[in-house]
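Working notes, structure below.
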Amino acid sequence: MKKHDREHDENLNEARLRAKRVSDFLELSEGMRTLLIGEHEGILASIIESMSGCSAVWYEPVENPSLKGKAKFVDYNSLGRPIGDPYELPYEDKSFDRLASQFTLNLLSDPQRALTNWFRVLKNGGLAVLVTLNSAFTGWHQRPLPRLRWTYSKDKLWKMLEQAGFLPLKTTSLIPNLRLPLLYRGDLSFCLKLERFPVLSARGKILIISSIKP
């Protein structure tokens with residue numbers, strides 16, 4: 001197997017685990033409309049679109065003043081992908097039943113401002129599920145990371161959600177704090193069995209937090 005193929009398979013292993021957990025946290029039911037912000041892999045979008053009566057809008061945030069108030073569409077597997085401002089989403093208030101974002105808060109210059117606007121487009125009673133890198137993680141990453149502005153602890157992210165108006169509900173951590181070899185390219189599903197051990201799971205690589213708009 002070629003090097004880039006091994007990296008792709010490893011990435012999908014982790015991404016599939018993460019997308020499945022996020023979809024569980026979203027608690028989707030028929031007819032719900034979900035906004036995905038920065039979902040770069042498309043796996044979660046595919047899961048949602050495959051569910052009866054559910055639909056997803058995949059929004060790619062770009063911090064660029066020239067895009068303010070604009071959105072263009074890039075076709076991705078027949079799913080429209082608007083590109084635009086992360087702080088002024090081009091959607092009316094209370095437009096979505098669900099919202100999910102994976103790692104976008106690690107990259108934005110003003111994540112608190114983004115959360116406030118994301119709160120606006122969610123319906124009352126709607127759920128938001130956020131994925132970030134965990135500041136408590138001290139293990140090794142099996143693939144290079146983009147340059148990040150922030151990492152988050154559970155307490156920090158909960159506080160930010162509350163300041164934006166959300167009520168945090170539950171948190172989980174994915175990929176326990178294990179020192180896997182840097183070149184490991186195997187299946188990561190065994191990590192799910194280790195979540196029962198708090199000493200491993202509390203400091204996992206990935207934080208997943210769900211919250212509700214009261």
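Residues are named by chain letter and number: chains run A, B, ... in the order of the structure tokens, numbers start at 1 in each chain, and ligands are numbered from 1 in the order shown.
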Query raised in the report: Excluding same-chain residues fewer than 4 positions from range 33-37 of chain A, what lies within 7 Å of it counting only C-alpha atoms, as a list of chain:residue names?
Result: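 Counting only C-alpha atoms, the residues come to A:Cys54, A:Ser55, A:Ala56, A:Val57, A:Trp58, A:Tyr59, A:Glu60, A:Pro61, A:Phe96, A:Asp97, A:Arg98, A:Leu99, A:Ala100, A:Ser101.
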Query - Contact residues around Gly53 in chain A with only C-alpha atoms at 8 Å, ignoring same-chain residues under 4 positions, as a PyMOL selection string - result: chain A and resi 30-32
Residues as selected, N, CA and C atoms, written as a PDB file, in the first residue's frame, can you do that?
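out20.pdb was written with the following content:
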```pdb
ATOM      1  N   GLU A  30     -36.728  12.344  11.619  1.00  0.00           N
ATOM      2  CA  GLU A  30     -37.177  12.631  10.254  1.00  0.00           C
ATOM      3  C   GLU A  30     -37.575  14.090  10.086  1.00  0.00           C
ATOM      4  N   GLY A  31     -37.128  14.654   8.981  1.00  0.00           N
ATOM      5  CA  GLY A  31     -37.509  16.014   8.622  1.00  0.00           C
ATOM      6  C   GLY A  31     -36.595  17.099   9.161  1.00  0.00           C
ATOM      7  N   MET A  32     -35.580  16.732   9.926  1.00  0.00           N
ATOM      8  CA  MET A  32     -34.703  17.738  10.510  1.00  0.00           C
ATOM      9  C   MET A  32     -33.706  18.282   9.492  1.00  0.00           C
TER      10      MET A  32
END
```
Query raised in the report: Which of these residues is nearest to Asn106 in chain A, using only C-alpha atoms: A:Leu157, A:Ile83, A:Ile48, A:Val121?
Result: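 Nearest candidate to Asn106 in chain A out of A:Leu157, A:Ile83, A:Ile48, A:Val121: A:Leu157.
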Requested in this report: Apply DSSP to the backbone of this structure and, from range 73-131 of chain A, keep only the residues in alpha helix (DSSP H); write these as JSON, numbers by chain.
Outcome: {"A": [111, 112, 113, 114, 115, 116, 117, 118, 119, 120, 121]}
What does the file look like for those residues with C-alpha atoms, as a compact mmCIF listing (two decimals), in the first residue's frame?
```txt
# COMPACT_ATOMS: atom_id res chain seq x y z
CA PRO A 111 -14.59 31.74 18.15
CA GLN A 112 -16.85 33.43 20.73
CA ARG A 113 -18.31 35.73 18.10
CA ALA A 114 -18.87 32.75 15.81
CA LEU A 115 -20.76 30.82 18.50
CA THR A 116 -23.06 33.78 19.09
CA ASN A 117 -24.02 33.88 15.41
CA TRP A 118 -24.40 30.11 15.21
CA PHE A 119 -26.81 30.33 18.15
CA ARG A 120 -28.91 32.78 16.11
CA VAL A 121 -29.60 30.39 13.22
```
**Report entry** Straight-line distance linking CA of Ser173 in chain A with CA of Glu41 in chain A, stated in Å to one decimal
**Finding:** 19.6 Å
If you count only C-alpha atoms, which residues fall within 9 Å of Arg21 in chain A, apart from same-chain ones fewer than 4 positions away, as a tab-separated table (two decimals) with N, CA and C atoms, in the first residue's frame?
```tsv
chain	number	residue	atom	x	y	z
A	16	ARG	N	-14.44	8.37	10.66
A	16	ARG	CA	-15.68	7.60	10.77
A	16	ARG	C	-16.12	7.46	12.22
A	17	LEU	N	-15.18	7.19	13.11
A	17	LEU	CA	-15.50	7.11	14.53
A	17	LEU	C	-16.09	8.43	15.02
A	25	PHE	N	-24.91	12.16	18.86
A	25	PHE	CA	-25.17	13.32	19.71
A	25	PHE	C	-26.23	14.24	19.11
A	26	LEU	N	-26.33	14.27	17.79
A	26	LEU	CA	-27.30	15.16	17.14
A	26	LEU	C	-28.75	14.71	17.37
A	174	LEU	N	-12.87	11.38	22.53
A	174	LEU	CA	-12.61	10.29	21.59
A	174	LEU	C	-11.10	10.16	21.36
A	208	ILE	N	-15.98	16.22	22.20
A	208	ILE	CA	-17.26	16.36	21.51
A	208	ILE	C	-18.28	16.81	22.54
```
**Report entry** Atom pair CA of Leu89 in chain A / CA of Ala45 in chain A: separation (Å)
**Finding:**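 That distance, rounded to one decimal, is 18.5 Å.
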Report task. Just give me the gap between CA of Arg18 in chain A and CA of Ile206 in chain A in Å, one decimal is fine. Result ->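 That distance, rounded to one decimal, is 8.5 Å.
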Query - Using only C-alpha atoms: which of A:Ala136, A:Val129, A:Leu108, A:Leu122 has the shortest distance to Glu63 in chain A - result: A:Leu108
Query raised in the report: If we count only C-alpha atoms, what is near Lys154 in chain A at a cut-off of 8 Å, once residues fewer than 2 positions away on the same chain are taken out, given as a list in words?
Result: Asn134, Tyr152, Lys156, Leu157, Trp158, Thr171 and Leu207 of chain A
